[in-house]
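Containing compact mmCIF, C-alpha atoms: query-v2.txt.
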```txt
# COMPACT_ATOMS: atom_id res chain seq x y z
CA MET A 183 2.75 -26.84 -5.10
CA THR A 184 0.47 -29.85 -5.58
CA ASP A 185 -0.01 -32.20 -8.49
CA PHE A 186 -3.45 -32.87 -9.84
CA LYS A 187 -3.51 -36.47 -11.06
CA LEU A 188 -6.03 -38.43 -13.07
CA PRO A 189 -7.95 -40.29 -10.36
CA SER A 190 -9.18 -43.84 -10.73
CA LEU A 191 -12.91 -43.62 -11.30
CA GLY A 192 -13.62 -47.22 -10.46
CA ALA A 193 -11.96 -50.62 -10.53
CA ASP A 194 -12.60 -50.94 -14.23
CA MET A 195 -10.78 -47.79 -15.30
CA ASP A 196 -7.09 -47.64 -16.11
CA GLN A 197 -6.99 -44.68 -18.47
CA GLY A 198 -8.97 -41.67 -19.56
CA LYS A 199 -9.05 -39.18 -22.38
CA LEU A 200 -9.06 -35.50 -21.56
CA LEU A 201 -11.89 -33.85 -23.47
CA GLU A 202 -11.71 -30.37 -22.06
CA TRP A 203 -10.20 -28.19 -19.34
CA LYS A 204 -12.73 -26.08 -17.48
CA VAL A 205 -10.00 -23.90 -15.98
CA LYS A 206 -6.91 -22.10 -17.24
CA PRO A 207 -3.58 -21.11 -15.68
CA GLY A 208 -4.03 -18.38 -13.13
CA ASP A 209 -7.57 -19.46 -12.14
CA ALA A 210 -8.26 -19.86 -8.44
CA VAL A 211 -10.02 -23.17 -7.79
CA ARG A 212 -11.93 -24.40 -4.77
CA ARG A 213 -12.22 -27.88 -3.35
CA GLY A 214 -15.01 -29.74 -5.13
CA GLN A 215 -14.89 -27.55 -8.23
CA VAL A 216 -15.17 -29.26 -11.63
CA VAL A 217 -11.92 -28.57 -13.47
CA ALA A 218 -11.94 -30.94 -16.43
CA LEU A 219 -14.07 -33.27 -18.49
CA VAL A 220 -12.61 -36.73 -19.05
CA ASP A 221 -13.94 -39.52 -21.23
CA THR A 222 -13.83 -42.97 -19.65
CA SER A 223 -15.19 -46.17 -21.13
CA LYS A 224 -18.40 -45.61 -19.22
CA ALA A 225 -19.18 -41.93 -19.45
CA ALA A 226 -17.82 -38.45 -19.85
CA VAL A 227 -16.93 -37.63 -16.25
CA GLU A 228 -16.53 -34.21 -14.68
CA LEU A 229 -13.32 -34.24 -12.66
CA GLU A 230 -13.45 -32.41 -9.36
CA ILE A 231 -10.39 -31.04 -7.62
CA TRP A 232 -9.66 -31.80 -3.96
CA HIS A 233 -7.54 -28.82 -2.93
CA ASP A 234 -8.05 -25.09 -2.92
CA GLY A 235 -5.36 -23.42 -4.98
CA VAL A 236 -4.38 -21.58 -8.10
CA VAL A 237 -3.87 -23.37 -11.41
CA GLN A 238 -0.22 -23.05 -12.29
CA GLU A 239 0.17 -25.27 -15.31
CA LEU A 240 -2.04 -27.51 -17.42
CA ILE A 241 0.07 -30.45 -18.54
CA THR A 242 -2.33 -32.81 -20.29
CA LYS A 243 -3.67 -31.56 -23.58
CA PRO A 244 -7.28 -32.04 -24.69
CA GLY A 245 -7.51 -35.15 -26.85
CA GLU A 246 -4.70 -36.94 -25.00
CA THR A 247 -5.35 -40.38 -23.49
CA ILE A 248 -3.43 -40.88 -20.25
CA PRO A 249 -3.12 -43.64 -17.63
CA VAL A 250 -4.62 -43.26 -14.15
CA GLY A 251 -2.16 -41.46 -11.87
CA THR A 252 -0.72 -39.19 -14.57
CA VAL A 253 -0.06 -35.64 -13.37
CA MET A 254 -2.52 -33.57 -15.37
CA ALA A 255 -1.89 -30.16 -13.87
CA ARG A 256 0.04 -28.37 -11.16
CA LEU A 257 -1.53 -26.18 -8.54
CA ALA A 258 -0.03 -23.53 -6.33
CA ALA A 259 -1.40 -23.42 -2.80
CA PRO A 260 -3.56 -20.37 -2.09
CA GLY A 261 -1.19 -17.49 -1.39
CA GLU A 262 1.77 -19.23 -2.99
CA ALA A 263 3.29 -17.15 -5.73
CA VAL A 264 2.17 -18.33 -9.13
CA ALA A 265 5.18 -18.64 -11.38
CA THR A 266 3.45 -18.41 -14.70
CA ALA A 267 2.31 -15.09 -16.01
CA LEU A 268 -1.43 -14.79 -15.76
CA ARG A 269 -1.59 -13.73 -19.37
CA ARG A 270 -0.46 -16.29 -21.93
CA PRO A 271 2.69 -15.24 -23.73
CA ALA A 272 1.72 -14.72 -27.36
CA SER A 273 2.79 -12.59 -30.28
CA PRO A 274 0.59 -9.67 -31.32
CA ALA A 275 -0.01 -11.51 -34.60
CA ALA A 276 -1.28 -14.57 -32.72
CA ARG A 277 -3.53 -12.37 -30.58
CA LYS A 278 -4.96 -10.74 -33.68
CA ARG A 279 -5.59 -14.12 -35.34
CA ALA A 280 -7.21 -15.42 -32.15
CA HIS A 281 -9.55 -12.46 -32.15
CA GLU A 282 -10.44 -12.99 -35.82
CA LEU A 283 -11.11 -16.69 -35.37
CA ASP A 284 -12.97 -16.20 -32.08
CA VAL A 285 -10.50 -18.34 -30.14
CA ASP A 286 -9.96 -17.76 -26.40
CA ILE A 287 -6.18 -17.39 -26.36
CA GLU A 288 -6.00 -18.07 -22.61
CA LYS A 289 -7.26 -21.57 -23.25
CA VAL A 290 -4.79 -22.41 -26.02
CA ALA A 291 -1.80 -24.56 -25.09
CA GLY A 292 1.26 -22.78 -26.50
CA THR A 293 3.98 -24.72 -28.28
CA GLY A 294 6.34 -21.77 -28.85
CA PRO A 295 9.31 -20.71 -26.67
CA HIS A 296 8.34 -20.54 -22.95
CA GLY A 297 4.92 -21.87 -23.83
CA ALA A 298 4.12 -18.94 -26.06
CA VAL A 299 1.06 -19.27 -28.23
CA THR A 300 1.97 -19.28 -31.91
CA LEU A 301 -0.07 -18.52 -35.00
CA GLU A 302 -0.14 -22.23 -35.72
CA ASP A 303 -1.54 -23.00 -32.25
CA ILE A 304 -4.38 -20.58 -32.88
CA ASP A 305 -5.21 -22.14 -36.22
CA LYS A 306 -5.25 -25.58 -34.66
CA ALA A 307 -7.42 -24.40 -31.78
CA ALA A 308 -9.88 -22.84 -34.20
CA VAL A 309 -10.65 -26.23 -35.71
CA LYS A 310 -13.47 -27.52 -33.57
CA PRO A 311 -12.67 -30.93 -32.15
CA ALA A 312 -14.75 -33.66 -33.74
CA ALA A 313 -17.71 -34.71 -31.61
CA ALA A 314 -16.45 -37.18 -29.02
CA ALA A 315 -16.34 -40.51 -30.79
CA ALA A 316 -19.23 -42.48 -29.31
CA PRO A 317 -19.64 -45.50 -31.59
CA ASP A 318 -17.30 -47.76 -29.63
CA ARG A 319 -18.55 -46.56 -26.21
CA GLN A 320 -20.65 -49.70 -25.93
CA ALA A 321 -17.77 -52.02 -26.76
CA GLU A 322 -15.57 -50.13 -24.31
CA MET A 323 -18.18 -50.35 -21.58
CA ARG A 324 -18.58 -54.08 -22.17
CA LYS A 325 -14.82 -54.46 -21.76
CA ALA A 326 -14.77 -52.37 -18.58
CA ILE A 327 -17.61 -54.35 -17.02
CA ALA A 328 -15.90 -57.59 -18.03
CA ALA A 329 -12.65 -56.49 -16.35
CA ALA A 330 -14.29 -55.37 -13.08
CA MET A 331 -16.58 -58.36 -12.77
CA SER A 332 -13.82 -60.85 -13.62
CA ARG A 333 -11.64 -59.26 -10.96
CA SER A 334 -14.52 -59.48 -8.49
CA LYS A 335 -15.15 -63.17 -9.11
CA ARG A 336 -11.43 -63.93 -9.14
CA GLU A 337 -10.59 -62.11 -5.91
CA ILE A 338 -13.72 -61.83 -3.81
CA PRO A 339 -15.03 -64.92 -2.00
CA HIS A 340 -18.72 -64.05 -2.15
CA TYR A 341 -21.36 -65.31 0.23
CA TYR A 342 -25.05 -64.81 -0.51
CA LEU A 343 -28.05 -64.36 1.78
CA SER A 344 -31.68 -63.56 1.11
CA GLU A 345 -34.62 -62.43 3.17
CA ALA A 346 -38.30 -61.82 2.34
CA ILE A 347 -39.27 -58.38 3.61
CA PRO A 348 -42.95 -57.36 3.97
CA LEU A 349 -43.48 -53.90 2.51
CA HIS A 350 -47.12 -53.14 3.32
CA ARG A 351 -46.18 -50.64 6.01
CA ALA A 352 -43.60 -48.90 3.84
CA LEU A 353 -45.90 -48.77 0.79
CA ASP A 354 -48.89 -47.52 2.81
CA HIS A 355 -46.73 -44.86 4.39
CA LEU A 356 -45.40 -43.82 1.00
CA ALA A 357 -48.84 -43.77 -0.66
CA ARG A 358 -50.18 -41.50 2.10
CA ALA A 359 -47.21 -39.15 1.84
CA ASN A 360 -47.29 -39.13 -1.98
CA ALA A 361 -51.01 -38.30 -2.08
CA ALA A 362 -50.10 -34.94 -0.56
CA ARG A 363 -47.17 -34.38 -2.93
CA PRO A 364 -47.34 -32.89 -6.42
CA VAL A 365 -46.20 -35.21 -9.21
CA THR A 366 -42.86 -33.40 -9.29
CA GLY A 367 -42.24 -34.19 -5.61
CA ARG A 368 -43.33 -37.81 -5.58
CA VAL A 369 -41.06 -40.35 -3.89
CA LEU A 370 -40.49 -43.88 -5.26
CA ILE A 371 -40.16 -46.99 -3.12
CA GLY A 372 -36.62 -47.31 -4.53
CA ALA A 373 -35.60 -44.17 -2.63
CA LEU A 374 -37.14 -45.56 0.56
CA GLN A 375 -35.19 -48.81 0.12
CA LEU A 376 -31.93 -46.88 -0.38
CA LYS A 377 -32.53 -44.87 2.77
CA ALA A 378 -33.33 -48.02 4.75
CA VAL A 379 -30.10 -49.66 3.58
CA ALA A 380 -28.07 -46.56 4.51
CA LEU A 381 -29.62 -46.18 7.97
CA THR A 382 -29.12 -49.89 8.69
CA LEU A 383 -25.48 -49.68 7.58
CA ARG A 384 -24.78 -47.29 10.45
CA GLN A 385 -24.81 -50.34 12.71
CA PHE A 386 -22.81 -52.43 10.21
CA PRO A 387 -19.72 -50.43 9.30
CA ASP A 388 -17.97 -53.68 8.35
CA LEU A 389 -20.19 -53.92 5.25
CA ASN A 390 -19.61 -50.30 4.22
CA GLY A 391 -16.15 -49.65 2.81
CA PHE A 392 -13.31 -51.17 0.87
CA TRP A 393 -10.97 -54.14 0.83
CA ARG A 394 -7.56 -52.77 -0.06
CA ASP A 395 -4.04 -54.19 0.32
CA GLY A 396 -5.23 -57.19 2.30
CA ALA A 397 -7.28 -55.29 4.85
CA PHE A 398 -10.73 -53.77 5.30
CA ARG A 399 -11.10 -50.02 5.59
CA SER A 400 -14.48 -48.65 6.49
CA GLY A 401 -15.89 -45.85 4.35
CA ALA A 402 -15.72 -42.22 5.48
CA GLY A 403 -19.46 -41.90 4.92
CA ILE A 404 -22.31 -44.01 3.62
CA HIS A 405 -22.04 -43.37 -0.11
CA VAL A 406 -24.43 -45.71 -1.84
CA GLY A 407 -23.65 -46.70 -5.41
CA VAL A 408 -26.85 -47.10 -7.39
CA ALA A 409 -26.77 -49.59 -10.26
CA ILE A 410 -28.33 -47.80 -13.22
CA SER A 411 -28.89 -49.63 -16.49
CA LEU A 412 -28.35 -47.55 -19.58
CA ARG A 413 -30.90 -47.68 -22.37
CA GLN A 414 -28.28 -48.45 -25.00
CA GLY A 415 -26.95 -51.33 -22.85
CA GLY A 416 -24.44 -51.63 -20.04
CA LEU A 417 -24.64 -50.08 -16.60
CA VAL A 418 -22.98 -47.67 -14.20
CA ALA A 419 -23.16 -47.53 -10.41
CA PRO A 420 -22.34 -43.97 -9.32
CA ALA A 421 -22.73 -42.90 -5.70
CA ILE A 422 -25.18 -40.74 -3.84
CA HIS A 423 -23.21 -39.29 -0.95
CA ASP A 424 -24.20 -39.57 2.73
CA VAL A 425 -27.51 -41.25 1.96
CA ASP A 426 -28.15 -41.87 5.68
CA ARG A 427 -28.20 -38.13 6.28
CA LEU A 428 -30.48 -37.12 3.41
CA GLY A 429 -34.18 -36.47 3.88
CA LEU A 430 -36.37 -38.72 1.74
CA GLU A 431 -37.44 -35.99 -0.68
CA GLU A 432 -33.87 -34.79 -0.95
CA LEU A 433 -32.72 -38.35 -1.62
CA MET A 434 -35.40 -38.78 -4.29
CA ARG A 435 -34.22 -35.62 -6.06
CA ALA A 436 -30.62 -36.83 -5.90
CA LEU A 437 -31.64 -40.22 -7.29
CA ALA A 438 -33.68 -38.73 -10.15
CA ASP A 439 -30.83 -36.38 -10.98
CA LEU A 440 -28.28 -39.20 -10.89
CA VAL A 441 -30.31 -41.47 -13.18
CA LYS A 442 -30.81 -38.61 -15.61
CA ARG A 443 -27.13 -37.70 -15.69
CA ALA A 444 -25.99 -41.32 -15.88
CA ARG A 445 -28.17 -41.87 -18.93
CA ALA A 446 -26.95 -38.62 -20.48
CA GLY A 447 -23.37 -39.77 -19.81
CA SER A 448 -22.41 -36.87 -17.55
CA LEU A 449 -21.23 -37.96 -14.10
CA ARG A 450 -18.82 -36.44 -11.59
CA SER A 451 -15.53 -38.00 -10.56
CA SER A 452 -16.47 -38.23 -6.87
CA GLU A 453 -19.63 -40.14 -7.77
CA MET A 454 -17.66 -42.66 -9.81
CA SER A 455 -14.78 -43.24 -7.44
CA ASP A 456 -16.15 -43.45 -3.94
CA PRO A 457 -19.27 -45.60 -3.52
CA THR A 458 -18.84 -47.58 -0.28
CA ILE A 459 -21.52 -50.16 -1.13
CA THR A 460 -23.81 -50.79 -4.11
CA VAL A 461 -27.56 -51.30 -4.27
CA THR A 462 -29.17 -52.90 -7.30
CA ALA A 463 -32.90 -53.16 -7.88
CA LEU A 464 -33.63 -55.54 -10.73
CA GLY A 465 -37.13 -56.31 -9.55
CA GLU A 466 -38.71 -53.95 -12.02
CA GLN A 467 -37.59 -56.26 -14.80
CA GLY A 468 -39.61 -58.94 -13.09
CA VAL A 469 -37.11 -61.11 -11.24
CA GLU A 470 -37.89 -62.23 -7.73
CA ALA A 471 -34.36 -61.80 -6.38
CA VAL A 472 -30.96 -60.62 -7.56
CA PHE A 473 -27.70 -62.07 -6.22
CA GLY A 474 -25.24 -59.44 -7.34
CA VAL A 475 -21.54 -59.42 -8.07
CA ILE A 476 -19.67 -57.12 -5.68
CA TYR A 477 -18.00 -54.15 -7.33
CA PRO A 478 -14.38 -54.14 -6.14
CA PRO A 479 -12.92 -52.77 -3.93
CA GLN A 480 -16.32 -52.65 -2.17
CA VAL A 481 -17.21 -55.51 0.17
CA ALA A 482 -20.99 -55.79 -0.14
CA LEU A 483 -23.89 -55.41 -2.51
CA VAL A 484 -27.58 -55.28 -1.60
CA GLY A 485 -30.17 -56.40 -4.14
CA PHE A 486 -33.92 -55.85 -4.23
CA GLY A 487 -36.19 -58.03 -6.36
CA ARG A 488 -39.76 -57.53 -7.56
CA ILE A 489 -42.36 -56.38 -5.08
CA ALA A 490 -45.15 -58.95 -5.30
CA GLU A 491 -48.19 -59.95 -3.26
CA ARG A 492 -47.52 -63.00 -1.10
CA ALA A 493 -49.23 -64.86 1.66
CA LEU A 494 -47.82 -63.39 4.86
CA ALA A 495 -48.22 -64.96 8.27
CA GLU A 496 -47.97 -62.28 10.95
CA ASP A 497 -49.22 -62.22 14.54
CA GLY A 498 -50.97 -65.53 14.06
CA ALA A 499 -52.96 -64.41 11.05
CA LEU A 500 -52.57 -64.98 7.36
CA ARG A 501 -52.93 -62.07 4.96
CA ALA A 502 -51.90 -61.03 1.47
CA ALA A 503 -49.17 -58.41 1.54
CA PRO A 504 -46.59 -56.94 -0.80
CA VAL A 505 -43.24 -58.56 -0.15
CA VAL A 506 -39.78 -57.91 -1.59
CA THR A 507 -36.82 -60.29 -1.51
CA ALA A 508 -33.73 -58.45 -0.35
CA THR A 509 -30.36 -60.09 -0.82
CA LEU A 510 -26.87 -59.45 0.42
CA SER A 511 -23.72 -60.41 -1.46
CA GLY A 512 -20.91 -60.17 1.05
CA ASP A 513 -17.12 -60.35 0.78
CA HIS A 514 -16.16 -63.18 3.10
CA ARG A 515 -12.72 -61.65 3.67
CA ALA A 516 -14.35 -58.62 5.30
CA SER A 517 -17.40 -60.12 7.03
CA ASP A 518 -19.06 -63.42 7.86
CA GLY A 519 -22.50 -64.76 7.04
CA HIS A 520 -23.55 -64.23 10.64
CA ARG A 521 -23.03 -60.47 10.34
CA GLY A 522 -24.67 -60.44 6.95
CA ALA A 523 -27.72 -62.24 8.33
CA ARG A 524 -27.99 -59.71 11.14
CA PHE A 525 -27.78 -56.92 8.58
CA LEU A 526 -30.68 -58.28 6.52
CA ALA A 527 -32.75 -58.83 9.66
CA ALA A 528 -32.09 -55.23 10.73
CA LEU A 529 -32.98 -54.02 7.23
CA ARG A 530 -36.24 -55.94 7.43
CA GLU A 531 -37.06 -54.30 10.77
CA GLN A 532 -36.09 -50.85 9.49
CA LEU A 533 -38.52 -51.19 6.59
CA GLN A 534 -41.30 -51.92 9.10
CA ARG A 535 -40.68 -48.46 10.60
CA PRO A 536 -41.03 -46.31 7.46
CA GLU A 537 -41.76 -43.17 9.48
CA GLU A 538 -38.08 -43.13 10.51
CA LEU A 539 -36.90 -43.05 6.90
CA MET B 128 -57.07 -30.64 -28.24
CA LYS B 129 -57.83 -33.10 -31.05
CA PRO B 130 -57.28 -36.80 -30.28
CA GLU B 131 -54.53 -37.13 -32.94
CA GLU B 132 -52.82 -34.07 -31.57
CA LEU B 133 -52.94 -35.43 -28.02
CA LYS B 134 -51.57 -38.77 -29.17
CA ALA B 135 -48.72 -37.07 -31.02
CA GLN B 136 -47.84 -35.04 -27.93
CA VAL B 137 -47.87 -38.10 -25.69
CA LEU B 138 -45.71 -40.10 -28.10
CA LYS B 139 -43.28 -37.20 -28.36
CA LEU B 140 -42.90 -37.08 -24.57
CA LEU B 141 -42.48 -40.85 -24.45
CA THR B 142 -39.70 -40.58 -27.01
CA THR B 143 -37.81 -38.08 -24.87
CA ILE B 144 -37.84 -40.67 -22.06
CA ALA B 145 -37.12 -43.65 -24.32
CA PRO B 146 -35.25 -42.34 -27.37
CA GLU B 147 -35.07 -45.77 -28.99
CA LEU B 148 -38.87 -46.09 -29.05
CA ASP B 149 -40.34 -46.98 -32.42
CA ALA B 150 -43.80 -45.44 -32.14
CA THR B 151 -45.10 -47.32 -35.19
CA SER B 152 -44.57 -50.68 -33.51
CA LEU B 153 -46.31 -49.64 -30.29
CA ARG B 154 -49.57 -51.51 -29.68
CA ALA B 155 -52.07 -49.10 -28.14
CA ASP B 156 -54.05 -51.93 -26.52
CA ARG B 157 -51.09 -53.66 -24.82
CA PRO B 158 -49.39 -52.75 -21.55
CA LEU B 159 -47.45 -49.57 -22.23
CA ARG B 160 -44.67 -49.68 -19.64
CA ASN B 161 -43.76 -53.17 -20.68
CA GLN B 162 -43.50 -52.36 -24.36
CA VAL B 163 -41.45 -49.21 -23.86
CA ASP B 164 -39.37 -50.70 -21.01
CA LEU B 165 -40.24 -47.90 -18.60
CA ASP B 166 -39.05 -48.48 -15.05
CA SER B 167 -40.69 -46.61 -12.19
CA MET B 168 -38.24 -43.72 -12.52
CA ASP B 169 -38.92 -43.41 -16.28
CA TRP B 170 -42.65 -43.59 -15.61
CA LEU B 171 -42.45 -40.83 -13.01
CA ASN B 172 -40.38 -38.70 -15.38
CA PHE B 173 -43.00 -39.29 -18.07
CA LEU B 174 -45.78 -38.15 -15.71
CA VAL B 175 -43.75 -35.09 -14.74
CA ALA B 176 -43.32 -34.30 -18.45
CA LEU B 177 -47.09 -34.72 -19.00
CA HIS B 178 -47.68 -32.43 -16.05
CA GLU B 179 -45.41 -29.77 -17.49
CA ARG B 180 -46.72 -30.00 -21.03
CA LEU B 181 -50.45 -30.57 -20.47
CA LYS B 182 -50.87 -29.27 -16.91
CA VAL B 183 -52.46 -32.50 -15.71
CA ASP B 184 -51.64 -33.89 -12.31
CA ILE B 185 -52.08 -37.67 -12.22
CA PRO B 186 -52.37 -39.04 -8.68
CA GLU B 187 -50.62 -42.30 -7.85
CA ALA B 188 -53.99 -43.87 -7.11
CA ASP B 189 -54.87 -43.54 -10.82
CA TYR B 190 -51.82 -45.40 -12.17
CA GLY B 191 -53.91 -48.55 -12.53
CA LYS B 192 -56.16 -46.80 -15.05
CA LEU B 193 -53.21 -46.04 -17.31
CA ALA B 194 -51.95 -49.46 -18.30
CA THR B 195 -52.17 -49.02 -22.06
CA LEU B 196 -51.72 -46.11 -24.43
CA GLU B 197 -55.47 -46.26 -25.24
CA GLN B 198 -56.36 -46.00 -21.56
CA LEU B 199 -53.87 -43.19 -21.00
CA LEU B 200 -55.26 -41.15 -23.91
CA ALA B 201 -58.85 -41.68 -22.71
CA TYR B 202 -57.84 -40.64 -19.20
CA LEU B 203 -56.09 -37.50 -20.42
CA LYS B 204 -59.09 -36.58 -22.60
CA GLU B 205 -61.30 -36.70 -19.50
CA LYS B 206 -58.89 -34.58 -17.49
CA LEU B 207 -58.14 -31.96 -20.10
CA PRO B 208 -60.48 -28.99 -20.40
CA GLY B 209 -62.44 -28.74 -23.65
```
Once you've parsed the file, please lay out its structure as structure tokens.
Amino acid sequence: MTDFKLPSLGADMDQGKLLEWKVKPGDAVRRGQVVALVDTSKAAVELEIWHDGVVQELITKPGETIPVGTVMARLAAPGEAVATALRRPASPAARKRAHELDVDIEKVAGTGPHGAVTLEDIDKAAVKPAAAAAPDRQAEMRKAIAAAMSRSKREIPHYYLSEAIPLHRALDHLARANAARPVTGRVLIGALQLKAVALTLRQFPDLNGFWRDGAFRSGAGIHVGVAISLRQGGLVAPAIHDVDRLGLEELMRALADLVKRARAGSLRSSEMSDPTITVTALGEQGVEAVFGVIYPPQVALVGFGRIAERALAEDGALRAAPVVTATLSGDHRASDGHRGARFLAALREQLQRPEEL
Amino acid sequence: MKPEELKAQVLKLLTTIAPELDATSLRADRPLRNQVDLDSMDWLNFLVALHERLKVDIPEADYGKLATLEQLLAYLKEKLPG
């Protein structure tokens, strides 16, 4: 028997409100399956489960707000006998009412003896829950960002580095490749920058991971959190998993999908909880460089500014070339400026070899 | 397609990308992306939407010709049959 607990979906989350179960007792679930929808201050998040098993009991009721770590459900291991009957205990009258009101009785939490579904439960379930209250989402998000960023600046001794990176090779490479792609398959320079960061991080595992309980732990993969501003204000930084192993077109699709879902407020729990580093690109708003605040418990943040034409001296000649300022905010507990400088230099070199990306 | 009809279609697609857009305050002769706050991802999504709705494929090399709503409408008129 295993407990399914409300996971922490980021440093700024301490509770969540269950909106909906996507499974019912008796259902077999597989690792990675979405089992519930939970409202956090930032978005409605699809909770994934991390064990194969059979749902034994749903403890949290839709509409309940619970702290992180609360046991929401119990699972039997595959093959383990499931104690609850697969069919909900309910009176014939309740079943009849459920049928009349078009209520799925298997999804109703029973309040009668032995969890039996009563007539009253059916009537309650038939009343459609009011649309998730959104008006204070913005205020909640502001509070969540305030909490995470205050913690970051209180606990993390940041150091900041910046480096001008010529992008003419990367942009030429991209323009050539995009000319052969239909509009639906076009790749943005942002995707190329993400891939370059991820590939470079392979040689810098000390920048990719978490600072927890007074020690650094490197991430299990390179899961890059992408800072996405929301049109109504605020931002989220959900992860794209294993960015270093994705092809560029695959990465672009993942990025487009993530931005779309972030703005629609529908993200998955694994995306919210496990970024190992964050990348922010504020350049499109016109700033030359961004020195970001690290999202705890991560230990680094890479920023890209505006891509602009600059005078570039290279091989003894002066030319105009598009240049971007890349920055690194590093956690000085986990790494030193020397390592950070080597990282930015390696990133600069990687972006001069776009064919590898 | 009539010019007004084309403009209405384009504004409708823009609104799906930027729901807070107030089309009446949009200046057709000023830079579009700036006014609507379209980042490169929004812009690409807008072009994909145009592609799906109007069956026009706009190459990257032509982005420079599409700075304002006026220019975009003129460009689309050229590209569209009839």
Counting only C-alpha atoms, which residues of chain A sit at most 7 Å from some atom of chain B, and what is each one's closest atom pair with its distance in Å to one decimal, listed by chain and rising residue number, as CSV?
```
residue,atom,partner,partner_atom,distance
A:Ala361,CA,B:Pro186,CA,6.8
A:Val365,CA,B:Val175,CA,6.0
A:Thr366,CA,B:Val175,CA,5.8
A:Glu466,CA,B:Asp166,CA,6.3
```
Query raised in the report: With distances taken over all atoms listed in the file, which of B:Leu159, B:Leu181, B:Leu200, B:Leu153 is nearest to Pro130 in chain B?
Result: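 Among the listed residues, B:Leu200 lies closest to Pro130 in chain B.
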Query raised in the report: Looking at A:Leu353, A:Ile338, A:Ala523, A:Val406, which one is nearest to Trp393 in chain A, with distances taken over only C-alpha atoms?
Result: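 For Trp393 in chain A, the nearest of the given residues is A:Ile338.
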Report task. Give me the residues within 12 Å of Val163 in chain B as a VMD selection string, counting only C-alpha atoms and dropping any in the same chain fewer than 5 places off. Result -> (chain A and resid 413) or (chain B and resid 138 141 to 150 152 to 155 157 to 158 169 to 170 173 194 to 196)
Query raised in the report: Interatomic distance between CA of Leu433 in chain A and CA of Pro387 in chain A?
Result: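 Interatomic distance, CA of Leu433 in chain A to CA of Pro387 in chain A: 20.8 Å.
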Query - Point-to-point distance from CA of Ile404 in chain A to CA of Ala419 in chain A, Å rounded to tenths - result: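 The value is 14.5 Å.
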Report task. Would you mind listing what lies within 7 Å of Ala380 in chain A as a list in words, with all atoms listed in the file counted and same-chain residues fewer than 4 positions away left out? Result ->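 Counting all atoms listed in the file, the residues come to Leu376, Arg384, Ile404, Val425 and Asp426 of chain A.
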Just C-alpha atoms for this one: save the residues we selected as an mmCIF file, in the frame of the given file.
```
data_model
loop_
_atom_site.group_PDB
_atom_site.id
_atom_site.type_symbol
_atom_site.label_atom_id
_atom_site.label_comp_id
_atom_site.auth_asym_id
_atom_site.auth_seq_id
_atom_site.Cartn_x
_atom_site.Cartn_y
_atom_site.Cartn_z
ATOM 1 C CA LEU A 376 -31.930 -46.880 -0.380
ATOM 2 C CA ARG A 384 -24.780 -47.290 10.450
ATOM 3 C CA ILE A 404 -22.310 -44.010 3.620
ATOM 4 C CA VAL A 425 -27.510 -41.250 1.960
ATOM 5 C CA ASP A 426 -28.150 -41.870 5.680
#
```
Query - Atomic distance CA of Pro271 in chain A - CA of Val237 in chain A, expressed in Å with one decimal - result: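 One can read the CA of Pro271 in chain A to CA of Val237 in chain A distance as 16.2 Å.
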Set the distance at 10 Å and use all atoms listed in the file: which residues neighbour range 213-222 of chain A once local chain neighbours fewer than 4 positions away are removed? I'd like the list as a short mmCIF file (atom, residue, chain, number, x, y, z; two decimals) with C-alpha atoms, keeping the file's coordinate frame.
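Result went into out-v3.cif, see below:
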```
data_model
loop_
_atom_site.label_atom_id
_atom_site.label_comp_id
_atom_site.auth_asym_id
_atom_site.auth_seq_id
_atom_site.Cartn_x
_atom_site.Cartn_y
_atom_site.Cartn_z
CA LEU A 188 -6.03 -38.43 -13.07
CA LEU A 191 -12.91 -43.62 -11.30
CA ASP A 194 -12.60 -50.94 -14.23
CA MET A 195 -10.78 -47.79 -15.30
CA ASP A 196 -7.09 -47.64 -16.11
CA GLN A 197 -6.99 -44.68 -18.47
CA GLY A 198 -8.97 -41.67 -19.56
CA LYS A 199 -9.05 -39.18 -22.38
CA LEU A 200 -9.06 -35.50 -21.56
CA LEU A 201 -11.89 -33.85 -23.47
CA GLU A 202 -11.71 -30.37 -22.06
CA TRP A 203 -10.20 -28.19 -19.34
CA LYS A 204 -12.73 -26.08 -17.48
CA VAL A 205 -10.00 -23.90 -15.98
CA LYS A 206 -6.91 -22.10 -17.24
CA ALA A 226 -17.82 -38.45 -19.85
CA VAL A 227 -16.93 -37.63 -16.25
CA GLU A 228 -16.53 -34.21 -14.68
CA LEU A 229 -13.32 -34.24 -12.66
CA GLU A 230 -13.45 -32.41 -9.36
CA ILE A 231 -10.39 -31.04 -7.62
CA TRP A 232 -9.66 -31.80 -3.96
CA HIS A 233 -7.54 -28.82 -2.93
CA ASP A 234 -8.05 -25.09 -2.92
CA GLY A 235 -5.36 -23.42 -4.98
CA VAL A 237 -3.87 -23.37 -11.41
CA PRO A 244 -7.28 -32.04 -24.69
CA GLY A 245 -7.51 -35.15 -26.85
CA GLU A 246 -4.70 -36.94 -25.00
CA THR A 247 -5.35 -40.38 -23.49
CA MET A 254 -2.52 -33.57 -15.37
CA ALA A 314 -16.45 -37.18 -29.02
CA ALA A 315 -16.34 -40.51 -30.79
CA ARG A 319 -18.55 -46.56 -26.21
CA GLU A 322 -15.57 -50.13 -24.31
CA MET A 323 -18.18 -50.35 -21.58
CA ALA A 326 -14.77 -52.37 -18.58
CA GLY A 447 -23.37 -39.77 -19.81
CA SER A 448 -22.41 -36.87 -17.55
CA LEU A 449 -21.23 -37.96 -14.10
CA ARG A 450 -18.82 -36.44 -11.59
CA SER A 451 -15.53 -38.00 -10.56
CA SER A 452 -16.47 -38.23 -6.87
#
```
